[in-house]
$ cat target-v7.txt   # compact mmCIF, C-alpha atoms
# COMPACT_ATOMS: atom_id res chain seq x y z
CA MET A 34 -3.57 18.83 13.32
CA ASP A 35 -3.72 20.77 16.58
CA CYS A 36 -7.25 20.38 17.93
CA GLY A 37 -6.69 22.92 20.71
CA LEU A 38 -7.18 20.44 23.55
CA ASN A 39 -4.07 21.29 25.53
CA GLY A 40 -4.97 22.66 28.97
CA ARG A 41 -8.72 22.20 28.54
CA THR A 42 -10.79 20.11 30.93
CA TYR A 43 -13.39 17.51 30.05
CA ILE A 44 -15.54 14.98 31.87
CA VAL A 45 -15.78 11.53 30.26
CA THR A 46 -18.40 9.13 31.60
CA GLY A 47 -18.49 5.41 30.94
CA ALA A 48 -14.70 5.62 30.77
CA SER A 49 -13.68 2.37 32.43
CA GLY A 50 -13.58 0.63 29.05
CA GLY A 51 -14.82 0.56 25.48
CA LEU A 52 -15.65 3.78 23.69
CA GLY A 53 -15.39 6.02 26.75
CA LEU A 54 -11.87 4.86 27.58
CA ALA A 55 -10.81 5.09 23.94
CA THR A 56 -12.00 8.70 23.82
CA ALA A 57 -10.27 9.53 27.10
CA ARG A 58 -6.99 8.18 25.72
CA VAL A 59 -7.10 10.49 22.71
CA LEU A 60 -8.15 13.53 24.72
CA ALA A 61 -5.36 12.94 27.25
CA ALA A 62 -2.77 12.30 24.54
CA ASP A 63 -3.58 15.72 23.06
CA GLY A 64 -3.10 17.45 26.41
CA ALA A 65 -6.59 17.66 27.90
CA ASP A 66 -7.14 17.37 31.66
CA LEU A 67 -9.79 14.78 32.46
CA VAL A 68 -12.30 13.65 35.02
CA ILE A 69 -13.16 10.08 34.07
CA ALA A 70 -16.06 8.22 35.61
CA SER A 71 -17.79 4.86 35.82
CA ARG A 72 -19.74 2.97 38.47
CA ASP A 73 -16.83 0.86 39.77
CA GLN A 74 -13.89 2.55 41.53
CA GLU A 75 -11.46 -0.30 40.91
CA ARG A 76 -12.21 -0.36 37.19
CA ILE A 77 -12.05 3.41 36.74
CA ASP A 78 -8.74 3.53 38.65
CA ALA A 79 -7.40 0.85 36.30
CA ALA A 80 -8.59 2.90 33.33
CA ALA A 81 -6.74 5.96 34.63
CA GLU A 82 -3.54 3.95 34.66
CA GLN A 83 -4.02 3.17 30.96
CA LEU A 84 -4.00 6.83 29.96
CA PRO A 85 -0.79 8.37 28.57
CA THR A 86 2.05 8.90 31.02
CA GLY A 87 1.83 12.32 32.62
CA ALA A 88 -1.88 12.78 31.94
CA ASN A 89 -3.74 14.94 34.45
CA VAL A 90 -6.70 12.79 35.39
CA ARG A 91 -9.12 12.25 38.27
CA ALA A 92 -11.00 8.96 38.46
CA VAL A 93 -14.41 9.00 40.15
CA ALA A 94 -16.90 6.19 40.79
CA VAL A 95 -20.45 7.41 40.17
CA ASP A 96 -23.72 6.18 38.70
CA LEU A 97 -25.38 8.34 36.04
CA ALA A 98 -28.75 7.26 37.40
CA ASP A 99 -27.95 9.22 40.58
CA PRO A 100 -29.25 12.82 40.28
CA GLN A 101 -26.24 14.06 42.28
CA THR A 102 -23.68 12.68 39.82
CA PRO A 103 -23.38 15.69 37.47
CA ALA A 104 -22.76 18.15 40.33
CA ARG A 105 -20.16 15.85 41.82
CA LEU A 106 -18.21 15.42 38.58
CA ILE A 107 -18.36 19.12 37.75
CA ALA A 108 -17.09 19.97 41.24
CA VAL A 109 -14.15 17.58 40.85
CA ALA A 110 -13.25 19.14 37.49
CA LYS A 111 -13.33 22.70 38.78
CA GLU A 112 -11.59 21.93 42.07
CA SER A 113 -8.85 19.92 40.36
CA PHE A 114 -8.27 21.95 37.21
CA GLY A 115 -10.03 25.27 37.73
CA ARG A 116 -12.22 25.05 34.64
CA LEU A 117 -14.62 22.92 32.58
CA ASP A 118 -14.81 22.92 28.79
CA GLY A 119 -17.26 20.11 28.14
CA ALA A 120 -18.08 16.44 28.47
CA VAL A 121 -18.24 13.22 26.53
CA VAL A 122 -21.30 11.40 27.83
CA SER A 123 -20.93 7.70 27.17
CA VAL A 124 -23.50 5.42 28.75
CA GLY A 125 -23.32 1.65 28.87
CA GLY A 126 -25.77 -0.16 26.65
CA PRO A 127 -29.05 -1.37 28.19
CA PRO A 128 -29.74 -5.11 28.42
CA ALA A 129 -30.19 -6.98 25.16
CA GLY A 130 -33.49 -8.64 24.37
CA LYS A 131 -36.53 -8.63 22.12
CA LEU A 132 -39.34 -6.22 22.93
CA GLY A 133 -41.65 -9.00 24.07
CA ASP A 134 -39.01 -10.40 26.42
CA THR A 135 -38.06 -7.20 28.24
CA THR A 136 -39.67 -6.23 31.52
CA GLU A 137 -41.02 -2.88 32.65
CA GLU A 138 -38.37 -2.88 35.38
CA GLN A 139 -35.63 -3.16 32.75
CA TRP A 140 -37.15 -0.26 30.81
CA ARG A 141 -37.39 1.92 33.92
CA ALA A 142 -33.82 1.18 34.97
CA ALA A 143 -32.51 1.88 31.48
CA PHE A 144 -34.53 5.08 31.22
CA ASP A 145 -33.05 6.34 34.50
CA SER A 146 -29.45 5.62 33.51
CA VAL A 147 -29.34 5.79 29.71
CA PHE A 148 -31.89 8.53 29.04
CA LEU A 149 -32.33 10.66 32.15
CA GLY A 150 -28.77 10.09 33.32
CA GLY A 151 -27.27 11.19 30.01
CA LEU A 152 -29.64 14.13 29.61
CA ARG A 153 -29.08 15.29 33.19
CA MET A 154 -25.30 15.21 32.69
CA ALA A 155 -25.49 17.19 29.46
CA ARG A 156 -27.78 19.86 30.91
CA ALA A 157 -25.64 20.32 34.02
CA VAL A 158 -22.49 20.85 31.96
CA LEU A 159 -24.21 23.29 29.60
CA ASP A 160 -25.64 25.22 32.55
CA GLU A 161 -22.14 25.95 33.85
CA PRO A 162 -21.07 29.60 33.35
CA PHE A 163 -18.74 30.17 30.41
CA GLU A 164 -17.91 32.84 27.90
CA PRO A 165 -19.67 32.26 24.53
CA GLU A 166 -16.41 32.58 22.60
CA ALA A 167 -14.91 29.83 24.78
CA GLN A 168 -17.81 27.43 24.05
CA MET A 169 -18.96 24.45 26.08
CA ALA A 170 -18.97 21.18 24.14
CA VAL A 171 -21.08 18.14 24.95
CA THR A 172 -20.73 14.98 22.88
CA MET A 173 -23.21 12.17 23.52
CA VAL A 174 -22.23 8.64 22.57
CA LEU A 175 -25.37 6.80 21.50
CA SER A 176 -25.76 4.11 18.82
CA SER A 177 -26.62 3.55 15.20
CA SER A 178 -30.00 2.43 16.59
CA VAL A 179 -30.86 6.15 16.57
CA LYS A 180 -31.44 5.80 12.82
CA SER A 181 -32.11 2.11 12.32
CA PRO A 182 -33.27 -0.52 14.85
CA ILE A 183 -30.82 -3.26 15.78
CA PRO A 184 -32.34 -6.75 16.16
CA GLY A 185 -32.31 -7.96 19.75
CA LEU A 186 -31.69 -4.51 21.28
CA ALA A 187 -35.28 -3.38 21.88
CA ILE A 188 -34.54 -1.06 24.80
CA SER A 189 -31.71 0.67 22.98
CA ASN A 190 -33.91 1.03 19.91
CA GLY A 191 -36.59 2.67 22.04
CA LEU A 192 -34.47 5.08 24.10
CA ARG A 193 -31.59 6.18 21.88
CA PRO A 194 -33.63 8.03 19.21
CA GLY A 195 -35.43 10.08 21.85
CA LEU A 196 -32.16 11.02 23.52
CA ALA A 197 -30.71 12.04 20.15
CA MET A 198 -33.67 14.37 19.58
CA ALA A 199 -33.26 15.78 23.08
CA ALA A 200 -29.60 16.47 22.24
CA LYS A 201 -30.67 18.26 19.07
CA THR A 202 -33.02 20.38 21.17
CA LEU A 203 -30.18 21.18 23.59
CA ALA A 204 -28.08 22.33 20.62
CA ASP A 205 -30.88 24.69 19.61
CA GLU A 206 -31.44 26.06 23.10
CA TYR A 207 -27.84 26.45 24.24
CA GLY A 208 -26.32 27.42 20.91
CA PRO A 209 -26.97 31.16 21.30
CA ARG A 210 -24.76 31.25 24.39
CA GLY A 211 -21.98 29.12 22.90
CA GLY A 212 -23.05 25.61 23.82
CA ARG A 213 -22.29 22.88 21.28
CA VAL A 214 -24.09 19.53 21.46
CA ASN A 215 -23.41 16.64 19.09
CA VAL A 216 -24.29 12.96 18.98
CA LEU A 217 -22.10 10.09 17.78
CA LEU A 218 -23.64 6.90 16.41
CA PRO A 219 -21.16 4.02 16.72
CA GLY A 220 -21.85 0.94 14.67
CA ARG A 221 -19.99 -2.34 15.12
CA ILE A 222 -16.93 -1.24 17.07
CA ASP A 223 -14.73 -4.03 18.46
CA THR A 224 -15.47 -3.54 22.16
CA ASP A 225 -16.29 -6.00 24.94
CA ARG A 226 -19.96 -4.97 24.63
CA VAL A 227 -20.13 -5.82 20.92
CA ARG A 228 -18.19 -9.06 21.38
CA SER A 229 -20.67 -10.02 24.11
CA LEU A 230 -23.61 -9.30 21.81
CA ASP A 231 -22.00 -11.45 19.10
CA ALA A 232 -21.46 -14.27 21.59
CA GLY A 233 -25.10 -14.09 22.62
CA SER A 234 -26.05 -15.48 19.21
CA GLY A 235 -24.44 -18.81 20.08
CA ASP A 236 -21.80 -18.51 17.36
CA ALA A 237 -19.74 -15.37 17.80
CA GLU A 238 -17.45 -15.96 14.81
CA ALA A 239 -20.31 -16.59 12.38
CA THR A 240 -22.22 -13.56 13.68
CA ARG A 241 -19.18 -11.33 13.31
CA ALA A 242 -18.54 -12.56 9.79
CA LYS A 243 -22.17 -11.90 8.86
CA ASN A 244 -22.07 -8.41 10.35
CA GLU A 245 -18.79 -7.57 8.65
CA GLY A 246 -20.31 -8.64 5.35
CA ALA A 247 -22.92 -5.89 5.73
CA ILE A 248 -20.34 -3.16 6.44
CA PRO A 249 -19.02 -1.44 3.30
CA LEU A 250 -15.51 -1.21 4.80
CA GLY A 251 -15.72 -4.93 5.50
CA ARG A 252 -14.65 -4.95 9.16
CA TYR A 253 -15.47 -3.83 12.66
CA GLY A 254 -14.07 -0.48 13.73
CA THR A 255 -11.48 -0.18 16.47
CA PRO A 256 -12.08 1.77 19.68
CA GLU A 257 -9.16 4.00 18.71
CA GLU A 258 -10.85 4.96 15.45
CA PHE A 259 -13.96 5.95 17.36
CA GLY A 260 -11.96 7.80 20.02
CA ARG A 261 -10.27 10.02 17.45
CA VAL A 262 -13.65 11.09 16.02
CA ALA A 263 -15.10 11.74 19.48
CA ALA A 264 -12.10 13.80 20.55
CA PHE A 265 -12.23 15.91 17.39
CA VAL A 266 -15.97 16.58 17.65
CA THR A 267 -15.53 17.64 21.28
CA SER A 268 -12.45 19.77 20.61
CA PRO A 269 -12.25 23.49 19.70
CA ALA A 270 -11.21 22.38 16.20
CA ALA A 271 -14.89 21.49 15.63
CA SER A 272 -16.10 24.90 16.86
CA TYR A 273 -18.77 25.29 14.12
CA LEU A 274 -20.14 21.77 14.51
CA SER A 275 -23.35 21.44 16.52
CA GLY A 276 -26.64 19.62 16.46
CA ILE A 277 -25.48 16.72 14.30
CA ALA A 278 -25.77 12.94 14.65
CA LEU A 279 -22.57 11.54 13.16
CA PRO A 280 -22.33 7.80 12.34
CA VAL A 281 -19.01 6.11 13.05
CA ASP A 282 -19.92 2.80 11.47
CA GLY A 283 -17.82 2.04 8.39
CA GLY A 284 -20.73 3.04 6.15
CA SER A 285 -23.17 0.42 7.44
CA LEU A 286 -26.15 2.73 7.96
CA ARG A 287 -28.21 2.98 4.79
CA THR A 288 -29.68 6.39 5.71
CA LEU A 289 -28.17 9.79 4.92
$ encode --input "target-v7.txt" --output "C-alpha cells"
Amino acid sequence: MDCGLNGRTYIVTGASGGLGLATARVLAADGADLVIASRDQERIDAAAEQLPTGANVRAVAVDLADPQTPARLIAVAKESFGRLDGAVVSVGGPPAGKLGDTTEEQWRAAFDSVFLGGLRMARAVLDEPFEPEAQMAVTMVLSSSVKSPIPGLAISNGLRPGLAMAAKTLADEYGPRGGRVNVLLPGRIDTDRVRSLDAGSGDAEATRAKNEGAIPLGRYGTPEEFGRVAAFVTSPAASYLSGIALPVDGGSLRTL
C-alpha cells in the first residue's frame, strides 16, 4: 500500500530510541524526509545512522520542555526540505512511582515536558501555514493509561488523559482548516522503557509473563509493529482519520 509519504516532511520527537525511532524508521523507509529530535545529540545522531540508507534526515538535540523547541525544529524542517507536513510527538515516560511517593517537583517537571511540551509542539505545527487539501497531521504518542490507570505510573496516569483530551480539542479546532490530530495508546511494547519498568518489580521475567498473560494476543508488541501504525495514521493514506485515540496494545485494554 502506498501511503503517500514520499517527499513529505515530518518532525519526530523522542526519536533516539523506542517508539519514536521505530516510527522514524517506517516513515523514512517509505520516502519521507525527517527531522528527528531528542535531548542528547550523541544519541540522536546514532539514531539517524539507524535509518534506512539514503534517508534524508536531520538530527537535532532539543528538550520539549524548552518553549523555543517547536520553532527550532520547524525552522530546520523548512530550511532543509522546504516544507512541513506534520509531526509525530513522542515524549519519554515520566518517572515511575505510586501517587503517595511522587514529589511535587516530579509532577511539575513532567507537566512541563510531557504535557506542555507535547501540546506546545502540536500547536506550533498546526499553526504553520498550509493548504487545507494538503492537510497537516499531528500524531501524539501517549499511553494506554489514557483509558485505564497503570499501577506504579501515577504521573503518567494523571497527565496522559488530559493531554489526550487536549489533542481531541485540537482536532476540533484545527479540523476546519485541514489539521488532523490523532493519539496513539501503546500498551506493552518491547522497548527499553517497558523492560526497565518490568525490571523495577524485582523479577522482570515473572512480571513479563504475568503481563503477557493479560494480553489477548499473548505477547508484547514489537516497536516495528507500533511504528507501522504510527506512520499510517500520520500519512496521507489516513486523510479522513482525526480526533481518535487508537490503542496499539494487542487487545489488552478492556474499554471500547
$ closest_residue --input "target-v7.txt" --among "A:Leu175, A:Ala143, A:Ala167, A:Ala263" --to "Ala55 of chain A" --atoms "all atoms listed in the file"
A:Ala263
$ residues_near_point --input "target-v7.txt" --point "(-30.5, 4.6, 19.8)" --cutoff "12 Å" --atoms "only C-alpha atoms" --output "ChimeraX atom specification"
/A:124-127,147-148,173-183,186-199,216-220,278,280
$ write_last_selection --input "target-v7.txt" --atoms "C-alpha atoms" --output "compact mmCIF listing (two decimals), keeping the file's coordinate frame"
# COMPACT_ATOMS: atom_id res chain seq x y z
CA VAL A 124 -23.50 5.42 28.75
CA GLY A 125 -23.32 1.65 28.87
CA GLY A 126 -25.77 -0.16 26.65
CA PRO A 127 -29.05 -1.37 28.19
CA VAL A 147 -29.34 5.79 29.71
CA PHE A 148 -31.89 8.53 29.04
CA MET A 173 -23.21 12.17 23.52
CA VAL A 174 -22.23 8.64 22.57
CA LEU A 175 -25.37 6.80 21.50
CA SER A 176 -25.76 4.11 18.82
CA SER A 177 -26.62 3.55 15.20
CA SER A 178 -30.00 2.43 16.59
CA VAL A 179 -30.86 6.15 16.57
CA LYS A 180 -31.44 5.80 12.82
CA SER A 181 -32.11 2.11 12.32
CA PRO A 182 -33.27 -0.52 14.85
CA ILE A 183 -30.82 -3.26 15.78
CA LEU A 186 -31.69 -4.51 21.28
CA ALA A 187 -35.28 -3.38 21.88
CA ILE A 188 -34.54 -1.06 24.80
CA SER A 189 -31.71 0.67 22.98
CA ASN A 190 -33.91 1.03 19.91
CA GLY A 191 -36.59 2.67 22.04
CA LEU A 192 -34.47 5.08 24.10
CA ARG A 193 -31.59 6.18 21.88
CA PRO A 194 -33.63 8.03 19.21
CA GLY A 195 -35.43 10.08 21.85
CA LEU A 196 -32.16 11.02 23.52
CA ALA A 197 -30.71 12.04 20.15
CA MET A 198 -33.67 14.37 19.58
CA ALA A 199 -33.26 15.78 23.08
CA VAL A 216 -24.29 12.96 18.98
CA LEU A 217 -22.10 10.09 17.78
CA LEU A 218 -23.64 6.90 16.41
CA PRO A 219 -21.16 4.02 16.72
CA GLY A 220 -21.85 0.94 14.67
CA ALA A 278 -25.77 12.94 14.65
CA PRO A 280 -22.33 7.80 12.34
$ residues_near_point --input "target-v7.txt" --point "(-4.9, 17.8, 30.7)" --cutoff "9 Å" --atoms "all atoms listed in the file" --output "mmCIF file with C-alpha atoms, keeping the file's coordinate frame"
data_model
loop_
_atom_site.group_PDB
_atom_site.id
_atom_site.type_symbol
_atom_site.label_atom_id
_atom_site.label_comp_id
_atom_site.auth_asym_id
_atom_site.auth_seq_id
_atom_site.Cartn_x
_atom_site.Cartn_y
_atom_site.Cartn_z
ATOM 1 C CA LEU A 38 -7.180 20.440 23.550
ATOM 2 C CA ASN A 39 -4.070 21.290 25.530
ATOM 3 C CA GLY A 40 -4.970 22.660 28.970
ATOM 4 C CA ARG A 41 -8.720 22.200 28.540
ATOM 5 C CA THR A 42 -10.790 20.110 30.930
ATOM 6 C CA TYR A 43 -13.390 17.510 30.050
ATOM 7 C CA LEU A 60 -8.150 13.530 24.720
ATOM 8 C CA ALA A 61 -5.360 12.940 27.250
ATOM 9 C CA ALA A 62 -2.770 12.300 24.540
ATOM 10 C CA ASP A 63 -3.580 15.720 23.060
ATOM 11 C CA GLY A 64 -3.100 17.450 26.410
ATOM 12 C CA ALA A 65 -6.590 17.660 27.900
ATOM 13 C CA ASP A 66 -7.140 17.370 31.660
ATOM 14 C CA LEU A 67 -9.790 14.780 32.460
ATOM 15 C CA GLY A 87 1.830 12.320 32.620
ATOM 16 C CA ALA A 88 -1.880 12.780 31.940
ATOM 17 C CA ASN A 89 -3.740 14.940 34.450
ATOM 18 C CA VAL A 90 -6.700 12.790 35.390
ATOM 19 C CA PHE A 114 -8.270 21.950 37.210
#
$ closest_residue --input "target-v7.txt" --among "A:Gly115, A:Ser49, A:Val121, A:Thr56" --to "Ala92 of chain A" --atoms "all atoms listed in the file"
A:Ser49
$ closest_residue --input "target-v7.txt" --among "A:Pro256, A:Pro209, A:Gly51, A:Pro128" --to "Arg141 of chain A" --atoms "all atoms listed in the file"
A:Pro128
$ atom_distance --input "target-v7.txt" --atom1 "atom CA of Arg228 of chain A" --atom2 "atom CA of Ala57 of chain A"
21.0 Å
$ closest_residue --input "target-v7.txt" --among "A:Leu152, A:Ile77, A:Leu230, A:Ile277" --to "Gly130 of chain A" --atoms "all atoms listed in the file"
A:Leu230
$ atom_distance --input "target-v7.txt" --atom1 "atom CA of Ile107 of chain A" --atom2 "atom CA of Gly37 of chain A"
21.0 Å
$ closest_residue --input "target-v7.txt" --among "A:Arg156, A:Phe265, A:Thr288, A:Asp282" --to "Asp35 of chain A" --atoms "only C-alpha atoms"
A:Phe265
$ atom_distance --input "target-v7.txt" --atom1 "atom CA of Ala204 of chain A" --atom2 "atom CA of Ala270 of chain A"
17.4 Å
$ residues_around --input "target-v7.txt" --residues "Arg58 of chain A" --least-positions-apart "6" --cutoff "10 Å" --atoms "only C-alpha atoms" --output "list in words"
Ala48, Leu52, Ala65, Leu67, Ala80, Ala81, Gln83, Leu84, Pro85, Ala88, Glu257, Gly260, Arg261 and Ala264 of chain A
$ residues_around --input "target-v7.txt" --residues "Pro165 of chain A" --least-positions-apart "6" --cutoff "12 Å" --atoms "only C-alpha atoms" --output "ChimeraX atom specification"
/A:118,159,207-213,272
$ closest_residue --input "target-v7.txt" --among "A:Ser71, A:Ser229, A:Thr172, A:Asn215" --to "Leu274 of chain A" --atoms "only C-alpha atoms"
A:Asn215
